[in-house]
Amino acid sequence: MPLLAELASLNPDLHTRAFWDYCAKRELRFQRCQGCGRFRSPPMPGCRHCGDARSEWVRVAGRARVFSHTTVHHPAIPQIGSDVPYSVVVLEFDDAPGARLISNALDTPPERVRIDQELELVWDEPAAGVVLPRFRPVR
């Protein structure tokens, strides 16, 4: 799903900045609590399980499974009308249990996306400096 370059922008906050900085380097990383070792996504200032504020960013391989999905048929804004329908997926990662990521399933018709389907990471740069993790069926 191509985004129009003029619409693509990131506005990271204090907690999400590291995630997007790693994406700019084409590294998919998730926050992991240094207290209990659990992964968390989206990034948070502290662990919801043990309350520890210490964390590290762990790189993952980029293979994921579809936890949930939906098909978008109506554009949220008129400028992306030519991109519908497209798939929005919630993904789980075997090498980051507990972390989930919302993204898009590319290179497959929306009606072919399935729960537990394996997808692999592809990097999309819809505008200079905006690097997004997207996913396609494992080849």
# chains A, B, ... in the order shown; residues from 1 in each chain; ligands from 1

$ residues_around --residues "range 69-74 of chain A" --least-positions-apart "2" --cutoff "9 Å" --atoms "only C-alpha atoms" --output "list in words"
Val66, Phe67, Ala76, Ile77, Gly81, Val84, Pro85, Tyr86, Ser87, Val88, Val89, Val90, Leu91, Pro110, Glu111, Val113, Arg114 and Ile115 of chain A

$ write_last_selection --atoms "N, CA and C atoms" --output "PDB file, in the first residue's frame"
ATOM      1  N   VAL A  66       0.296 -13.503  11.826  1.00  0.00           N
ATOM      2  CA  VAL A  66      -0.883 -12.642  11.928  1.00  0.00           C
ATOM      3  C   VAL A  66      -1.681 -13.061  13.156  1.00  0.00           C
ATOM      4  N   PHE A  67      -1.842 -12.136  14.093  1.00  0.00           N
ATOM      5  CA  PHE A  67      -2.676 -12.360  15.275  1.00  0.00           C
ATOM      6  C   PHE A  67      -4.122 -11.964  14.967  1.00  0.00           C
ATOM      7  N   ALA A  76      -9.564   6.726   4.900  1.00  0.00           N
ATOM      8  CA  ALA A  76      -9.735   7.672   6.005  1.00  0.00           C
ATOM      9  C   ALA A  76      -9.635   9.110   5.499  1.00  0.00           C
ATOM     10  N   ILE A  77      -8.842   9.289   4.465  1.00  0.00           N
ATOM     11  CA  ILE A  77      -8.701  10.602   3.824  1.00  0.00           C
ATOM     12  C   ILE A  77      -8.755  10.386   2.311  1.00  0.00           C
ATOM     13  N   GLY A  81      -7.470   7.208  -1.515  1.00  0.00           N
ATOM     14  CA  GLY A  81      -8.593   6.472  -2.093  1.00  0.00           C
ATOM     15  C   GLY A  81      -8.182   5.401  -3.074  1.00  0.00           C
ATOM     16  N   VAL A  84      -7.224   1.647  -1.475  1.00  0.00           N
ATOM     17  CA  VAL A  84      -8.160   0.700  -0.880  1.00  0.00           C
ATOM     18  C   VAL A  84      -8.611  -0.314  -1.925  1.00  0.00           C
ATOM     19  N   PRO A  85      -8.910  -1.537  -1.547  1.00  0.00           N
ATOM     20  CA  PRO A  85      -8.798  -2.069  -0.188  1.00  0.00           C
ATOM     21  C   PRO A  85      -7.353  -2.458   0.132  1.00  0.00           C
ATOM     22  N   TYR A  86      -7.015  -2.413   1.433  1.00  0.00           N
ATOM     23  CA  TYR A  86      -5.707  -2.869   1.908  1.00  0.00           C
ATOM     24  C   TYR A  86      -5.875  -3.521   3.277  1.00  0.00           C
ATOM     25  N   SER A  87      -4.874  -4.311   3.644  1.00  0.00           N
ATOM     26  CA  SER A  87      -4.933  -5.081   4.884  1.00  0.00           C
ATOM     27  C   SER A  87      -4.160  -4.395   6.000  1.00  0.00           C
ATOM     28  N   VAL A  88      -4.780  -4.329   7.155  1.00  0.00           N
ATOM     29  CA  VAL A  88      -4.116  -3.906   8.386  1.00  0.00           C
ATOM     30  C   VAL A  88      -4.021  -5.152   9.250  1.00  0.00           C
ATOM     31  N   VAL A  89      -2.810  -5.436   9.722  1.00  0.00           N
ATOM     32  CA  VAL A  89      -2.577  -6.653  10.501  1.00  0.00           C
ATOM     33  C   VAL A  89      -1.996  -6.314  11.864  1.00  0.00           C
ATOM     34  N   VAL A  90      -2.353  -7.134  12.846  1.00  0.00           N
ATOM     35  CA  VAL A  90      -1.700  -7.115  14.151  1.00  0.00           C
ATOM     36  C   VAL A  90      -0.821  -8.351  14.163  1.00  0.00           C
ATOM     37  N   LEU A  91       0.463  -8.149  14.415  1.00  0.00           N
ATOM     38  CA  LEU A  91       1.450  -9.216  14.293  1.00  0.00           C
ATOM     39  C   LEU A  91       2.040  -9.605  15.633  1.00  0.00           C
ATOM     40  N   PRO A 110      -6.194  -8.699   0.176  1.00  0.00           N
ATOM     41  CA  PRO A 110      -6.723  -8.711   1.556  1.00  0.00           C
ATOM     42  C   PRO A 110      -7.510  -9.964   1.905  1.00  0.00           C
ATOM     43  N   GLU A 111      -8.241 -10.515   0.939  1.00  0.00           N
ATOM     44  CA  GLU A 111      -9.052 -11.704   1.237  1.00  0.00           C
ATOM     45  C   GLU A 111      -8.208 -12.960   1.443  1.00  0.00           C
ATOM     46  N   VAL A 113      -5.372 -12.900   3.423  1.00  0.00           N
ATOM     47  CA  VAL A 113      -4.686 -12.792   4.716  1.00  0.00           C
ATOM     48  C   VAL A 113      -5.432 -13.661   5.725  1.00  0.00           C
ATOM     49  N   ARG A 114      -4.665 -14.438   6.508  1.00  0.00           N
ATOM     50  CA  ARG A 114      -5.260 -15.385   7.459  1.00  0.00           C
ATOM     51  C   ARG A 114      -4.588 -15.298   8.827  1.00  0.00           C
ATOM     52  N   ILE A 115      -5.338 -15.613   9.870  1.00  0.00           N
ATOM     53  CA  ILE A 115      -4.786 -15.729  11.216  1.00  0.00           C
ATOM     54  C   ILE A 115      -3.687 -16.794  11.186  1.00  0.00           C
TER      55      ILE A 115
END

$ residues_around --residues "Lys25 in chain A" --least-positions-apart "2" --cutoff "12 Å" --atoms "only C-alpha atoms" --output "MDAnalysis selection string"
chainID A and resid 18:23 27:29 59 123:125 129:133

$ write_last_selection --atoms "C-alpha atoms" --output "compact mmCIF listing (two decimals), in the first residue's frame"
# COMPACT_ATOMS: atom_id res chain seq x y z
CA ALA A 18 13.89 4.85 19.81
CA PHE A 19 11.58 2.50 17.87
CA TRP A 20 11.44 4.91 14.93
CA ASP A 21 15.17 5.66 15.12
CA TYR A 22 15.87 1.92 14.78
CA CYS A 23 13.40 1.68 11.90
CA GLU A 27 16.31 -2.56 12.34
CA LEU A 28 13.13 -3.88 13.92
CA ARG A 29 13.54 -3.75 17.69
CA ARG A 59 16.49 -6.68 17.58
CA TRP A 123 11.03 -1.85 4.69
CA ASP A 124 8.99 0.88 3.03
CA GLU A 125 10.19 4.48 2.66
CA GLY A 129 13.41 9.92 6.31
CA VAL A 130 10.17 7.98 6.90
CA VAL A 131 10.95 4.25 7.11
CA LEU A 132 8.05 1.95 7.95
CA PRO A 133 8.08 -1.77 8.80

$ atom_distance --atom1 "CA of Ala127 in chain A" --atom2 "CA of Thr16 in chain A"
19.1 Å

$ closest_residue --among "A:Ala96, A:Cys33, A:Leu14, A:Met44" --to "Glu56 in chain A" --atoms "only C-alpha atoms"
A:Cys33

$ residues_around --residues "Gln31 in chain A" --least-positions-apart "2" --cutoff "7 Å" --atoms "only C-alpha atoms" --output "PDB file with N, CA and C atoms, in the first residue's frame"
ATOM      1  N   ARG A  29      13.204  -3.467  16.294  1.00  0.00           N
ATOM      2  CA  ARG A  29      13.537  -3.746  17.693  1.00  0.00           C
ATOM      3  C   ARG A  29      12.322  -3.488  18.571  1.00  0.00           C
ATOM      4  N   CYS A  33      11.779  -5.421  29.126  1.00  0.00           N
ATOM      5  CA  CYS A  33      11.999  -5.034  30.512  1.00  0.00           C
ATOM      6  C   CYS A  33      13.261  -5.705  31.040  1.00  0.00           C
ATOM      7  N   PHE A  39       8.763  -8.610  26.889  1.00  0.00           N
ATOM      8  CA  PHE A  39       8.736  -7.633  25.808  1.00  0.00           C
ATOM      9  C   PHE A  39       7.488  -6.772  25.936  1.00  0.00           C
ATOM     10  N   ARG A  40       7.576  -5.566  25.413  1.00  0.00           N
ATOM     11  CA  ARG A  40       6.399  -4.703  25.393  1.00  0.00           C
ATOM     12  C   ARG A  40       6.398  -3.866  24.119  1.00  0.00           C
ATOM     13  N   SER A  41       5.221  -3.768  23.573  1.00  0.00           N
ATOM     14  CA  SER A  41       4.988  -2.946  22.395  1.00  0.00           C
ATOM     15  C   SER A  41       3.512  -2.605  22.403  1.00  0.00           C
ATOM     16  N   PRO A  43       6.031   0.860  22.979  1.00  0.00           N
ATOM     17  CA  PRO A  43       6.967   1.212  24.056  1.00  0.00           C
ATOM     18  C   PRO A  43       6.278   2.006  25.163  1.00  0.00           C
ATOM     19  N   SER A  55      14.804  -0.691  30.664  1.00  0.00           N
ATOM     20  CA  SER A  55      14.497  -1.497  29.482  1.00  0.00           C
ATOM     21  C   SER A  55      15.679  -1.484  28.522  1.00  0.00           C
ATOM     22  N   GLU A  56      15.618  -2.406  27.577  1.00  0.00           N
ATOM     23  CA  GLU A  56      16.608  -2.472  26.503  1.00  0.00           C
ATOM     24  C   GLU A  56      15.847  -2.696  25.212  1.00  0.00           C
ATOM     25  N   TRP A  57      16.492  -2.389  24.091  1.00  0.00           N
ATOM     26  CA  TRP A  57      15.877  -2.571  22.778  1.00  0.00           C
ATOM     27  C   TRP A  57      16.519  -3.783  22.115  1.00  0.00           C
ATOM     28  N   VAL A  58      15.714  -4.816  21.845  1.00  0.00           N
ATOM     29  CA  VAL A  58      16.207  -6.078  21.317  1.00  0.00           C
ATOM     30  C   VAL A  58      15.784  -6.210  19.854  1.00  0.00           C
TER      31      VAL A  58
END

$ closest_residue --among "A:Glu120, A:Leu106, A:Phe30, A:Pro42" --to "Pro12 in chain A" --atoms "only C-alpha atoms"
A:Pro42

$ closest_residue --among "A:Cys50, A:Leu121, A:Gly37, A:Ala128" --to "Ala24 in chain A" --atoms "only C-alpha atoms"
A:Ala128

$ closest_residue --among "A:Ala105, A:Gln79, A:Asp13, A:Arg100" --to "Gln117 in chain A" --atoms "only C-alpha atoms"
A:Ala105

$ atom_distance --atom1 "CA of Arg136 in chain A" --atom2 "CA of Leu119 in chain A"
5.1 Å

$ closest_residue --among "A:Ser68, A:Gly62, A:Asp94, A:Pro75" --to "Arg134 in chain A" --atoms "only C-alpha atoms"
A:Gly62

$ atom_distance --atom1 "CA of Gly51 in chain A" --atom2 "CA of Asp95 in chain A"
22.4 Å

$ select_by_dssp --residues "chain A" --states "alpha helix (DSSP H)" --output "PDB file with N, CA and C atoms, in the first residue's frame"
ATOM      1  N   ARG A  17      10.339   7.247  20.219  1.00  0.00           N
ATOM      2  CA  ARG A  17      11.446   7.762  19.399  1.00  0.00           C
ATOM      3  C   ARG A  17      12.479   6.680  19.076  1.00  0.00           C
ATOM      4  N   ALA A  18      12.871   5.882  20.057  1.00  0.00           N
ATOM      5  CA  ALA A  18      13.890   4.846  19.812  1.00  0.00           C
ATOM      6  C   ALA A  18      13.397   3.836  18.775  1.00  0.00           C
ATOM      7  N   PHE A  19      12.127   3.437  18.860  1.00  0.00           N
ATOM      8  CA  PHE A  19      11.579   2.504  17.875  1.00  0.00           C
ATOM      9  C   PHE A  19      11.750   3.052  16.464  1.00  0.00           C
ATOM     10  N   TRP A  20      11.358   4.314  16.263  1.00  0.00           N
ATOM     11  CA  TRP A  20      11.441   4.911  14.929  1.00  0.00           C
ATOM     12  C   TRP A  20      12.884   5.179  14.515  1.00  0.00           C
ATOM     13  N   ASP A  21      13.744   5.486  15.455  1.00  0.00           N
ATOM     14  CA  ASP A  21      15.172   5.657  15.125  1.00  0.00           C
ATOM     15  C   ASP A  21      15.765   4.341  14.624  1.00  0.00           C
ATOM     16  N   TYR A  22      15.401   3.228  15.259  1.00  0.00           N
ATOM     17  CA  TYR A  22      15.875   1.924  14.784  1.00  0.00           C
ATOM     18  C   TYR A  22      15.273   1.592  13.415  1.00  0.00           C
ATOM     19  N   CYS A  23      14.010   1.917  13.211  1.00  0.00           N
ATOM     20  CA  CYS A  23      13.395   1.682  11.899  1.00  0.00           C
ATOM     21  C   CYS A  23      14.141   2.456  10.809  1.00  0.00           C
ATOM     22  N   ALA A  24      14.556   3.675  11.107  1.00  0.00           N
ATOM     23  CA  ALA A  24      15.307   4.467  10.124  1.00  0.00           C
ATOM     24  C   ALA A  24      16.599   3.758   9.715  1.00  0.00           C
TER      25      ALA A  24
END

$ closest_residue --among "A:Arg26, A:Phe135, A:Pro97, A:Val60" --to "Arg38 in chain A" --atoms "only C-alpha atoms"
A:Pro97

$ select_by_dssp --residues "chain A" --states "strand (DSSP E or B)" --output "PyMOL selection string"
chain A and resi 29-33+39-40+55-59+63-72+86-92+100-105+118-127+130-137
